[in-house]
Amino acid sequence: MSGVLRKLGLAALLLAAGCVRTEPPMTTLAPKSDLAAEIYRLFLEVTAWDAFIFLIVVVAFVLAIFVFSTRVGEAAPPSSVASDLGLEVAYTLGPAFIILMISIPTVSAIFRTQPPIAPAGSLHVTVIPHQWWWEFRYPESGIVTANELHIPVGRIIRAELKSADVIHSFWVPQLGGKRDVVPGQVNELTFDARVPGVYLGQCAEFCGLSHANMRFRVFVETPEQFAAWEADQKGAPMPSQQSSNAEVAAGARIFANSPCTACHHVAGVSHGYVGPDLSHFGARTTMAGGIMSNTPQHVAEWIRNPDALKPGAQMPALGLRGPELDELVAYLESLK
Ligand code: CUA
């Protein structure tokens with residue numbers, strides 16, 4: 001018996017541990033942008049209408065059970081009326097009215113959040129989802145990054161969504177979405193974030209084996225923080241084969257002569273764009289589609305066997321081991 005209790009206690013503990021939040025919440029109920037606030041308002045409106053319909057149905061149901069039912073020993077009532085024009089008109093017009101009341105604010109919100117022309121002064125960001133990671137390009141500054149989108153608070157963001165392969169969906173519950181990203185088509189999303197913070201995003205359209213591993217983060221920063229980030233990103237990555245750190249310098253040589261260069265861009269070193277741009281990889285907090293923190297241990301695990309961490313990952317295992325692997329990791333982490 002005590003064994004069972006112990007197991008139950010352990011299960012309760014694990015369940016409670018699952019509730020401890022170590023990441024920002026993925027909720028649509030705490031909106032932090034104009035778009036998310038609009039979606040939240042629509043949600044409340046629709047819920048109110050739903051509650052109203054639910055109430056009518058419950059009242060009709062209770063009346064049918066307790067008032068209009070035949071009691072034991074009673075004769076069955078005569079057959080019900082064949083038609084009642086007033087009733088039929090009421091139950092056609094009633095739902096049509098409710099749908100109209102829901103669709104007017106919904107459709108106007110859709111059009112308001114994707115105007116054909118970007119609002120003046122907006123920051124342009126090209127969002128390119130790939131199987132299974134996110135590429136973010138800033139056409140005005142030339143910055144390219146992956147899985148971590150930085151934006152300034154209060155400025156209108158004009159996102160152009162272009163898929164690199166299949167249909168994905170851009171979704172940051174606290175900032176807005178979901179907007180599908182369809183190959184061969186550019187979809188837009190316009191929003192402004194109102195509260196600085198880190199917000200979690202997730203692909204919201206099934207896009208293959210690692211769809212669930214296709215996450216990202218949005219860093220909403222003060223204008224000063226954003227300007228500092230921009231300045232860092234525009235600069236050349238610091239270390240090189242001439243780095244004073246021997247491990248980093250050795251790693252730089254390994255990278256420059258490895259197949260990594262065919263797929264990854266590092267400013268001044270390689271020009272691949274199949275995988276994420278690594279020019280400032282070390283400055284990111286997460287990696288591999290945002291599924292893990294960017295630590296030397298995780299980077300080494302990833303290089304050893306990407307497929308084990310993200311099933312279906314297009315990056316092959318390169319067979320690097322021992323000191324060579326450590327040197328390559330040191331180099332990647334030094335790219336700030
Ligand atoms: Cu991309 Cu699901």
# chains A, B, ... in the order shown; residues from 1 in each chain; ligands from 1

$ residues_near_ligand --ligand "ligand 1" --cutoff "6 Å" --atoms "only C-alpha atoms and all ligand atoms" --output "list in words"
Trp132, His168, Cys203, Ala204, Glu205, Phe206, Cys207, His211 and Met214 of chain A

$ select_by_dssp --residues "segment 36-277 of chain A" --states "alpha helix (DSSP H)" --output "PyMOL selection string"
chain A and resi 36-66+85-112+223-234+246-256+260-263

$ residues_around --residues "Glu333 of chain A" --least-positions-apart "3" --cutoff "12 Å" --atoms "only C-alpha atoms" --output "JSON, numbers by chain"
{"A": [237, 238, 239, 247, 248, 251, 252, 278, 279, 280, 281, 282, 283, 284, 285, 286, 287, 294, 295, 296, 297, 298, 299, 300, 326, 327, 328, 329, 330, 336]}

$ atom_distance --atom1 "atom CA of Thr106 of chain A" --atom2 "atom CA of Val59 of chain A"
28.8 Å

$ atom_distance --atom1 "atom CA of Gln314 of chain A" --atom2 "atom CA of Trp302 of chain A"
12.1 Å

$ atom_distance --atom1 "atom CA of Lys310 of chain A" --atom2 "atom CA of Leu209 of chain A"
8.7 Å

$ closest_residue --among "A:Tyr331, A:Leu85, A:Ala76, A:Ser169" --to "Ser243 of chain A" --atoms "only C-alpha atoms"
A:Tyr331

$ residues_around --residues "Thr28 of chain A" --least-positions-apart "6" --cutoff "10 Å" --atoms "only C-alpha atoms" --output "MDAnalysis selection string"
chainID A and resid 36:37 39:40 43 172:177

$ select_by_dssp --residues "segment 53-275 of chain A" --states "strand (DSSP E)" --output "PDB file with N, CA, C and O atoms, in the first residue's frame"
ATOM      1  N   LEU A 123       8.671  48.832 -39.808  1.00  0.00           N
ATOM      2  CA  LEU A 123       9.904  48.064 -39.965  1.00  0.00           C
ATOM      3  C   LEU A 123       9.585  46.804 -40.766  1.00  0.00           C
ATOM      4  O   LEU A 123       8.731  46.019 -40.373  1.00  0.00           O
ATOM      5  N   HIS A 124      10.274  46.640 -41.889  1.00  0.00           N
ATOM      6  CA  HIS A 124      10.011  45.482 -42.748  1.00  0.00           C
ATOM      7  C   HIS A 124      10.822  44.277 -42.280  1.00  0.00           C
ATOM      8  O   HIS A 124      12.020  44.404 -42.021  1.00  0.00           O
ATOM      9  N   VAL A 125      10.161  43.149 -42.196  1.00  0.00           N
ATOM     10  CA  VAL A 125      10.845  41.898 -41.869  1.00  0.00           C
ATOM     11  C   VAL A 125      10.327  40.832 -42.824  1.00  0.00           C
ATOM     12  O   VAL A 125       9.118  40.707 -43.020  1.00  0.00           O
ATOM     13  N   THR A 126      11.246  40.117 -43.450  1.00  0.00           N
ATOM     14  CA  THR A 126      10.827  38.998 -44.292  1.00  0.00           C
ATOM     15  C   THR A 126      10.957  37.724 -43.463  1.00  0.00           C
ATOM     16  O   THR A 126      12.032  37.435 -42.935  1.00  0.00           O
ATOM     17  N   VAL A 127       9.854  37.030 -43.326  1.00  0.00           N
ATOM     18  CA  VAL A 127       9.836  35.803 -42.530  1.00  0.00           C
ATOM     19  C   VAL A 127       9.812  34.620 -43.493  1.00  0.00           C
ATOM     20  O   VAL A 127       8.897  34.514 -44.316  1.00  0.00           O
ATOM     21  N   ILE A 128      10.844  33.790 -43.416  1.00  0.00           N
ATOM     22  CA  ILE A 128      10.932  32.649 -44.340  1.00  0.00           C
ATOM     23  C   ILE A 128      11.004  31.356 -43.528  1.00  0.00           C
ATOM     24  O   ILE A 128      12.078  30.980 -43.036  1.00  0.00           O
ATOM     25  N   PRO A 129       9.892  30.650 -43.373  1.00  0.00           N
ATOM     26  CA  PRO A 129       9.960  29.370 -42.688  1.00  0.00           C
ATOM     27  C   PRO A 129      10.538  28.289 -43.596  1.00  0.00           C
ATOM     28  O   PRO A 129      10.301  28.292 -44.799  1.00  0.00           O
ATOM     29  N   HIS A 130      11.348  27.429 -42.996  1.00  0.00           N
ATOM     30  CA  HIS A 130      11.925  26.280 -43.689  1.00  0.00           C
ATOM     31  C   HIS A 130      11.549  25.039 -42.876  1.00  0.00           C
ATOM     32  O   HIS A 130      11.262  25.136 -41.693  1.00  0.00           O
ATOM     33  N   TRP A 133      12.794  25.336 -39.367  1.00  0.00           N
ATOM     34  CA  TRP A 133      13.363  26.472 -38.643  1.00  0.00           C
ATOM     35  C   TRP A 133      12.892  27.747 -39.321  1.00  0.00           C
ATOM     36  O   TRP A 133      12.299  27.713 -40.404  1.00  0.00           O
ATOM     37  N   TRP A 134      13.157  28.884 -38.673  1.00  0.00           N
ATOM     38  CA  TRP A 134      12.663  30.170 -39.177  1.00  0.00           C
ATOM     39  C   TRP A 134      13.821  31.084 -39.551  1.00  0.00           C
ATOM     40  O   TRP A 134      14.749  31.266 -38.772  1.00  0.00           O
ATOM     41  N   GLU A 135      13.733  31.654 -40.733  1.00  0.00           N
ATOM     42  CA  GLU A 135      14.725  32.640 -41.165  1.00  0.00           C
ATOM     43  C   GLU A 135      14.059  34.013 -41.117  1.00  0.00           C
ATOM     44  O   GLU A 135      12.919  34.166 -41.556  1.00  0.00           O
ATOM     45  N   PHE A 136      14.777  35.000 -40.559  1.00  0.00           N
ATOM     46  CA  PHE A 136      14.254  36.372 -40.506  1.00  0.00           C
ATOM     47  C   PHE A 136      15.241  37.291 -41.213  1.00  0.00           C
ATOM     48  O   PHE A 136      16.430  37.314 -40.869  1.00  0.00           O
ATOM     49  N   ARG A 137      14.721  38.036 -42.190  1.00  0.00           N
ATOM     50  CA  ARG A 137      15.572  38.968 -42.931  1.00  0.00           C
ATOM     51  C   ARG A 137      15.034  40.383 -42.752  1.00  0.00           C
ATOM     52  O   ARG A 137      13.828  40.600 -42.805  1.00  0.00           O
ATOM     53  N   TYR A 138      15.960  41.310 -42.573  1.00  0.00           N
ATOM     54  CA  TYR A 138      15.601  42.723 -42.430  1.00  0.00           C
ATOM     55  C   TYR A 138      16.101  43.426 -43.685  1.00  0.00           C
ATOM     56  O   TYR A 138      17.293  43.762 -43.767  1.00  0.00           O
ATOM     57  N   ILE A 143      20.313  42.592 -42.343  1.00  0.00           N
ATOM     58  CA  ILE A 143      20.546  41.585 -41.297  1.00  0.00           C
ATOM     59  C   ILE A 143      19.765  40.314 -41.629  1.00  0.00           C
ATOM     60  O   ILE A 143      18.624  40.374 -42.088  1.00  0.00           O
ATOM     61  N   VAL A 144      20.406  39.169 -41.392  1.00  0.00           N
ATOM     62  CA  VAL A 144      19.741  37.874 -41.557  1.00  0.00           C
ATOM     63  C   VAL A 144      19.973  37.082 -40.282  1.00  0.00           C
ATOM     64  O   VAL A 144      21.107  36.987 -39.802  1.00  0.00           O
ATOM     65  N   THR A 145      18.910  36.553 -39.718  1.00  0.00           N
ATOM     66  CA  THR A 145      19.085  35.752 -38.517  1.00  0.00           C
ATOM     67  C   THR A 145      18.130  34.564 -38.550  1.00  0.00           C
ATOM     68  O   THR A 145      17.402  34.382 -39.530  1.00  0.00           O
ATOM     69  N   ALA A 146      18.171  33.750 -37.507  1.00  0.00           N
ATOM     70  CA  ALA A 146      17.338  32.550 -37.506  1.00  0.00           C
ATOM     71  C   ALA A 146      16.743  32.309 -36.126  1.00  0.00           C
ATOM     72  O   ALA A 146      17.419  32.488 -35.104  1.00  0.00           O
ATOM     73  N   GLU A 148      15.215  33.653 -33.971  1.00  0.00           N
ATOM     74  CA  GLU A 148      15.048  34.695 -32.961  1.00  0.00           C
ATOM     75  C   GLU A 148      14.835  36.022 -33.675  1.00  0.00           C
ATOM     76  O   GLU A 148      15.739  36.549 -34.313  1.00  0.00           O
ATOM     77  N   LEU A 149      13.610  36.516 -33.561  1.00  0.00           N
ATOM     78  CA  LEU A 149      13.241  37.768 -34.225  1.00  0.00           C
ATOM     79  C   LEU A 149      13.328  38.905 -33.206  1.00  0.00           C
ATOM     80  O   LEU A 149      12.730  38.819 -32.139  1.00  0.00           O
ATOM     81  N   HIS A 150      14.104  39.932 -33.541  1.00  0.00           N
ATOM     82  CA  HIS A 150      14.198  41.094 -32.649  1.00  0.00           C
ATOM     83  C   HIS A 150      13.404  42.242 -33.269  1.00  0.00           C
ATOM     84  O   HIS A 150      13.586  42.548 -34.446  1.00  0.00           O
ATOM     85  N   ILE A 151      12.549  42.870 -32.476  1.00  0.00           N
ATOM     86  CA  ILE A 151      11.792  44.020 -32.979  1.00  0.00           C
ATOM     87  C   ILE A 151      11.703  45.087 -31.888  1.00  0.00           C
ATOM     88  O   ILE A 151      11.731  44.769 -30.701  1.00  0.00           O
ATOM     89  N   PRO A 152      11.600  46.350 -32.308  1.00  0.00           N
ATOM     90  CA  PRO A 152      11.478  47.410 -31.310  1.00  0.00           C
ATOM     91  C   PRO A 152      10.023  47.571 -30.860  1.00  0.00           C
ATOM     92  O   PRO A 152       9.106  47.436 -31.674  1.00  0.00           O
ATOM     93  N   ILE A 156       5.498  49.809 -35.829  1.00  0.00           N
ATOM     94  CA  ILE A 156       4.689  48.883 -36.615  1.00  0.00           C
ATOM     95  C   ILE A 156       5.613  47.931 -37.371  1.00  0.00           C
ATOM     96  O   ILE A 156       6.578  48.352 -38.011  1.00  0.00           O
ATOM     97  N   ILE A 157       5.323  46.664 -37.266  1.00  0.00           N
ATOM     98  CA  ILE A 157       6.116  45.648 -37.960  1.00  0.00           C
ATOM     99  C   ILE A 157       5.326  45.194 -39.178  1.00  0.00           C
ATOM    100  O   ILE A 157       4.143  44.864 -39.096  1.00  0.00           O
ATOM    101  N   ARG A 158       6.012  45.209 -40.303  1.00  0.00           N
ATOM    102  CA  ARG A 158       5.405  44.747 -41.533  1.00  0.00           C
ATOM    103  C   ARG A 158       6.111  43.457 -41.921  1.00  0.00           C
ATOM    104  O   ARG A 158       7.245  43.480 -42.414  1.00  0.00           O
ATOM    105  N   ALA A 159       5.457  42.331 -41.645  1.00  0.00           N
ATOM    106  CA  ALA A 159       6.082  41.047 -41.945  1.00  0.00           C
ATOM    107  C   ALA A 159       5.585  40.548 -43.288  1.00  0.00           C
ATOM    108  O   ALA A 159       4.383  40.515 -43.551  1.00  0.00           O
ATOM    109  N   GLU A 160       6.549  40.188 -44.144  1.00  0.00           N
ATOM    110  CA  GLU A 160       6.214  39.530 -45.409  1.00  0.00           C
ATOM    111  C   GLU A 160       6.547  38.066 -45.224  1.00  0.00           C
ATOM    112  O   GLU A 160       7.679  37.714 -44.886  1.00  0.00           O
ATOM    113  N   LEU A 161       5.570  37.216 -45.429  1.00  0.00           N
ATOM    114  CA  LEU A 161       5.749  35.798 -45.137  1.00  0.00           C
ATOM    115  C   LEU A 161       5.906  35.022 -46.434  1.00  0.00           C
ATOM    116  O   LEU A 161       5.018  35.029 -47.286  1.00  0.00           O
ATOM    117  N   HIS A 168       3.628  26.528 -43.998  1.00  0.00           N
ATOM    118  CA  HIS A 168       3.837  26.671 -42.557  1.00  0.00           C
ATOM    119  C   HIS A 168       2.845  27.731 -42.075  1.00  0.00           C
ATOM    120  O   HIS A 168       2.101  28.307 -42.880  1.00  0.00           O
ATOM    121  N   SER A 169       2.858  28.014 -40.784  1.00  0.00           N
ATOM    122  CA  SER A 169       1.992  29.081 -40.289  1.00  0.00           C
ATOM    123  C   SER A 169       2.696  29.834 -39.162  1.00  0.00           C
ATOM    124  O   SER A 169       3.212  29.236 -38.216  1.00  0.00           O
ATOM    125  N   PHE A 170       2.748  31.148 -39.315  1.00  0.00           N
ATOM    126  CA  PHE A 170       3.431  32.023 -38.358  1.00  0.00           C
ATOM    127  C   PHE A 170       2.492  32.323 -37.196  1.00  0.00           C
ATOM    128  O   PHE A 170       1.414  32.870 -37.396  1.00  0.00           O
ATOM    129  N   TRP A 171       2.936  31.970 -35.992  1.00  0.00           N
ATOM    130  CA  TRP A 171       2.047  32.173 -34.842  1.00  0.00           C
ATOM    131  C   TRP A 171       2.846  32.506 -33.591  1.00  0.00           C
ATOM    132  O   TRP A 171       3.674  31.725 -33.142  1.00  0.00           O
ATOM    133  N   VAL A 172       2.586  33.682 -33.048  1.00  0.00           N
ATOM    134  CA  VAL A 172       3.135  34.073 -31.751  1.00  0.00           C
ATOM    135  C   VAL A 172       1.909  34.418 -30.905  1.00  0.00           C
ATOM    136  O   VAL A 172       1.368  35.523 -31.038  1.00  0.00           O
ATOM    137  N   GLY A 176       0.248  37.677 -32.065  1.00  0.00           N
ATOM    138  CA  GLY A 176      -0.677  37.546 -33.192  1.00  0.00           C
ATOM    139  C   GLY A 176      -0.370  36.368 -34.084  1.00  0.00           C
ATOM    140  O   GLY A 176       0.522  35.579 -33.834  1.00  0.00           O
ATOM    141  N   GLY A 177      -1.084  36.285 -35.167  1.00  0.00           N
ATOM    142  CA  GLY A 177      -1.096  35.127 -36.048  1.00  0.00           C
ATOM    143  C   GLY A 177      -2.480  34.541 -35.889  1.00  0.00           C
ATOM    144  O   GLY A 177      -3.353  35.237 -35.387  1.00  0.00           O
ATOM    145  N   LYS A 178      -2.719  33.350 -36.287  1.00  0.00           N
ATOM    146  CA  LYS A 178      -1.840  32.573 -37.135  1.00  0.00           C
ATOM    147  C   LYS A 178      -2.011  33.062 -38.559  1.00  0.00           C
ATOM    148  O   LYS A 178      -3.132  33.352 -38.954  1.00  0.00           O
ATOM    149  N   ARG A 179      -0.903  33.168 -39.269  1.00  0.00           N
ATOM    150  CA  ARG A 179      -1.049  33.457 -40.693  1.00  0.00           C
ATOM    151  C   ARG A 179      -0.255  32.422 -41.469  1.00  0.00           C
ATOM    152  O   ARG A 179       0.943  32.246 -41.247  1.00  0.00           O
ATOM    153  N   ASP A 180      -0.937  31.755 -42.394  1.00  0.00           N
ATOM    154  CA  ASP A 180      -0.288  30.697 -43.161  1.00  0.00           C
ATOM    155  C   ASP A 180       0.767  31.278 -44.081  1.00  0.00           C
ATOM    156  O   ASP A 180       0.635  32.394 -44.588  1.00  0.00           O
ATOM    157  N   VAL A 181       1.819  30.507 -44.293  1.00  0.00           N
ATOM    158  CA  VAL A 181       2.877  30.897 -45.211  1.00  0.00           C
ATOM    159  C   VAL A 181       2.864  29.851 -46.320  1.00  0.00           C
ATOM    160  O   VAL A 181       3.185  28.685 -46.098  1.00  0.00           O
ATOM    161  N   ASN A 187       2.288  36.421 -48.105  1.00  0.00           N
ATOM    162  CA  ASN A 187       1.238  36.885 -47.188  1.00  0.00           C
ATOM    163  C   ASN A 187       1.833  37.939 -46.270  1.00  0.00           C
ATOM    164  O   ASN A 187       3.018  37.909 -45.961  1.00  0.00           O
ATOM    165  N   GLU A 188       0.991  38.862 -45.838  1.00  0.00           N
ATOM    166  CA  GLU A 188       1.488  39.924 -44.974  1.00  0.00           C
ATOM    167  C   GLU A 188       0.855  39.850 -43.597  1.00  0.00           C
ATOM    168  O   GLU A 188      -0.240  39.327 -43.442  1.00  0.00           O
ATOM    169  N   LEU A 189       1.569  40.412 -42.654  1.00  0.00           N
ATOM    170  CA  LEU A 189       1.034  40.526 -41.304  1.00  0.00           C
ATOM    171  C   LEU A 189       1.575  41.837 -40.734  1.00  0.00           C
ATOM    172  O   LEU A 189       2.773  42.087 -40.772  1.00  0.00           O
ATOM    173  N   THR A 190       0.669  42.689 -40.280  1.00  0.00           N
ATOM    174  CA  THR A 190       1.077  43.976 -39.738  1.00  0.00           C
ATOM    175  C   THR A 190       0.659  44.042 -38.275  1.00  0.00           C
ATOM    176  O   THR A 190      -0.492  43.772 -37.950  1.00  0.00           O
ATOM    177  N   PHE A 191       1.585  44.365 -37.405  1.00  0.00           N
ATOM    178  CA  PHE A 191       1.253  44.454 -35.976  1.00  0.00           C
ATOM    179  C   PHE A 191       2.264  45.338 -35.269  1.00  0.00           C
ATOM    180  O   PHE A 191       3.347  45.599 -35.800  1.00  0.00           O
ATOM    181  N   ASP A 192       1.868  45.850 -34.109  1.00  0.00           N
ATOM    182  CA  ASP A 192       2.907  46.469 -33.288  1.00  0.00           C
ATOM    183  C   ASP A 192       2.835  45.943 -31.868  1.00  0.00           C
ATOM    184  O   ASP A 192       1.772  45.834 -31.268  1.00  0.00           O
ATOM    185  N   GLY A 197       9.568  42.305 -24.026  1.00  0.00           N
ATOM    186  CA  GLY A 197       9.619  40.972 -23.420  1.00  0.00           C
ATOM    187  C   GLY A 197       9.997  39.946 -24.472  1.00  0.00           C
ATOM    188  O   GLY A 197      10.230  40.278 -25.632  1.00  0.00           O
ATOM    189  N   VAL A 198      10.049  38.686 -24.044  1.00  0.00           N
ATOM    190  CA  VAL A 198      10.344  37.585 -24.961  1.00  0.00           C
ATOM    191  C   VAL A 198       9.060  36.789 -25.149  1.00  0.00           C
ATOM    192  O   VAL A 198       8.410  36.429 -24.168  1.00  0.00           O
ATOM    193  N   TYR A 199       8.695  36.542 -26.395  1.00  0.00           N
ATOM    194  CA  TYR A 199       7.450  35.829 -26.683  1.00  0.00           C
ATOM    195  C   TYR A 199       7.743  34.596 -27.527  1.00  0.00           C
ATOM    196  O   TYR A 199       8.550  34.647 -28.456  1.00  0.00           O
ATOM    197  N   LEU A 200       7.075  33.530 -27.194  1.00  0.00           N
ATOM    198  CA  LEU A 200       7.303  32.274 -27.906  1.00  0.00           C
ATOM    199  C   LEU A 200       6.442  32.182 -29.154  1.00  0.00           C
ATOM    200  O   LEU A 200       5.263  32.549 -29.121  1.00  0.00           O
ATOM    201  N   GLY A 201       7.029  31.674 -30.222  1.00  0.00           N
ATOM    202  CA  GLY A 201       6.292  31.428 -31.449  1.00  0.00           C
ATOM    203  C   GLY A 201       6.392  29.958 -31.813  1.00  0.00           C
ATOM    204  O   GLY A 201       7.279  29.250 -31.326  1.00  0.00           O
ATOM    205  N   GLN A 202       5.496  29.527 -32.658  1.00  0.00           N
ATOM    206  CA  GLN A 202       5.446  28.107 -33.035  1.00  0.00           C
ATOM    207  C   GLN A 202       4.808  28.007 -34.410  1.00  0.00           C
ATOM    208  O   GLN A 202       3.844  28.724 -34.705  1.00  0.00           O
ATOM    209  N   ARG A 215      10.011  26.014 -33.610  1.00  0.00           N
ATOM    210  CA  ARG A 215       9.631  27.114 -32.714  1.00  0.00           C
ATOM    211  C   ARG A 215      10.500  28.325 -32.985  1.00  0.00           C
ATOM    212  O   ARG A 215      11.495  28.249 -33.701  1.00  0.00           O
ATOM    213  N   PHE A 216      10.142  29.422 -32.388  1.00  0.00           N
ATOM    214  CA  PHE A 216      11.002  30.609 -32.463  1.00  0.00           C
ATOM    215  C   PHE A 216      10.654  31.555 -31.325  1.00  0.00           C
ATOM    216  O   PHE A 216       9.701  31.311 -30.580  1.00  0.00           O
ATOM    217  N   ARG A 217      11.475  32.574 -31.174  1.00  0.00           N
ATOM    218  CA  ARG A 217      11.244  33.560 -30.124  1.00  0.00           C
ATOM    219  C   ARG A 217      11.229  34.953 -30.724  1.00  0.00           C
ATOM    220  O   ARG A 217      11.980  35.231 -31.658  1.00  0.00           O
ATOM    221  N   VAL A 218      10.379  35.809 -30.166  1.00  0.00           N
ATOM    222  CA  VAL A 218      10.362  37.202 -30.585  1.00  0.00           C
ATOM    223  C   VAL A 218      10.814  38.043 -29.394  1.00  0.00           C
ATOM    224  O   VAL A 218      10.238  37.954 -28.310  1.00  0.00           O
ATOM    225  N   PHE A 219      11.889  38.801 -29.600  1.00  0.00           N
ATOM    226  CA  PHE A 219      12.419  39.681 -28.559  1.00  0.00           C
ATOM    227  C   PHE A 219      11.906  41.089 -28.856  1.00  0.00           C
ATOM    228  O   PHE A 219      12.341  41.715 -29.818  1.00  0.00           O
ATOM    229  N   VAL A 220      10.974  41.536 -28.040  1.00  0.00           N
ATOM    230  CA  VAL A 220      10.464  42.904 -28.194  1.00  0.00           C
ATOM    231  C   VAL A 220      11.299  43.793 -27.280  1.00  0.00           C
ATOM    232  O   VAL A 220      11.310  43.609 -26.062  1.00  0.00           O
ATOM    233  N   GLU A 221      12.048  44.709 -27.889  1.00  0.00           N
ATOM    234  CA  GLU A 221      13.041  45.479 -27.144  1.00  0.00           C
ATOM    235  C   GLU A 221      12.748  46.970 -27.176  1.00  0.00           C
ATOM    236  O   GLU A 221      12.017  47.442 -28.047  1.00  0.00           O
ATOM    237  N   HIS A 265      25.724  30.307 -44.150  1.00  0.00           N
ATOM    238  CA  HIS A 265      26.407  31.565 -44.430  1.00  0.00           C
ATOM    239  C   HIS A 265      27.081  32.078 -43.169  1.00  0.00           C
ATOM    240  O   HIS A 265      26.465  32.109 -42.099  1.00  0.00           O
ATOM    241  N   VAL A 266      28.344  32.431 -43.302  1.00  0.00           N
ATOM    242  CA  VAL A 266      29.029  33.191 -42.248  1.00  0.00           C
ATOM    243  C   VAL A 266      29.697  34.351 -42.984  1.00  0.00           C
ATOM    244  O   VAL A 266      30.480  34.123 -43.910  1.00  0.00           O
ATOM    245  N   SER A 270      31.597  32.054 -45.805  1.00  0.00           N
ATOM    246  CA  SER A 270      30.879  31.105 -46.659  1.00  0.00           C
ATOM    247  C   SER A 270      29.549  31.716 -47.098  1.00  0.00           C
ATOM    248  O   SER A 270      29.078  32.697 -46.521  1.00  0.00           O
ATOM    249  N   HIS A 271      28.948  31.091 -48.111  1.00  0.00           N
ATOM    250  CA  HIS A 271      27.796  31.737 -48.733  1.00  0.00           C
ATOM    251  C   HIS A 271      26.574  30.842 -48.883  1.00  0.00           C
ATOM    252  O   HIS A 271      25.702  31.132 -49.689  1.00  0.00           O
TER     253      HIS A 271
END

$ closest_residue --among "A:Ala118, A:Pro105, A:Arg6, A:Asn147" --to "Ser293 of chain A" --atoms "only C-alpha atoms"
A:Asn147
